[in-house]
Amino acid sequence: MIEKNKHVDDLDEDQRKWHQKDVNIVTRQRKYLMPVFNRHGVGVFSFLVDNVSFVEPSLMVSVRKKDVRLATYQEEEDRKKTQTKWVTLINLFFLFFASYLIYSYSTSVVMAVSLMLVNIFGAYLLALGIYKSFVWTKNTLN
């Protein structure tokens, strides 16, 4: 790679794209959560793989300690997007369900409005709790 990078400024646009593709194939970064280091500690490993056969190499990582497992690292932004999506969907389900019940059984407008305000916050908290418990269960069983 050092030899290829010496003359990268002399390459035209297409050759630079192919060169960058070669660099991207050779260098990969994976992040793993390593609870064995410290509680919720993170270890980041970068591997440089020499590939002369142009076949994408595979790298196998294993842990020999009994109660330790590797989990791929998820960026905080991606985790927040996933959480927002699922909490919103669960929240909508509870909002519609409770709204129908409020519509059917409320005796006055003041009661309906106050119950809808409670419904908005309650449905969100319930949806967030369900999502968090699902994630906790999934992590525990994994």
# chains A, B, ... in the order shown; residues from 1 in each chain; ligands from 1
>>> select_by_dssp(residues="region 70-117 of chain A", states="helix (DSSP H, G or I)", output="PyMOL selection string")
chain A and resi 76-105+109-117
>>> closest_residue(among="A:Ile90, A:Tyr105, A:Thr82, A:Glu76", to="Ala123 (chain A)", atoms="only C-alpha atoms")
A:Ile90
>>> closest_residue(among="A:Leu92, A:Leu141, A:Val110, A:Ala98", to="Tyr124 (chain A)", atoms="only C-alpha atoms")
A:Leu92
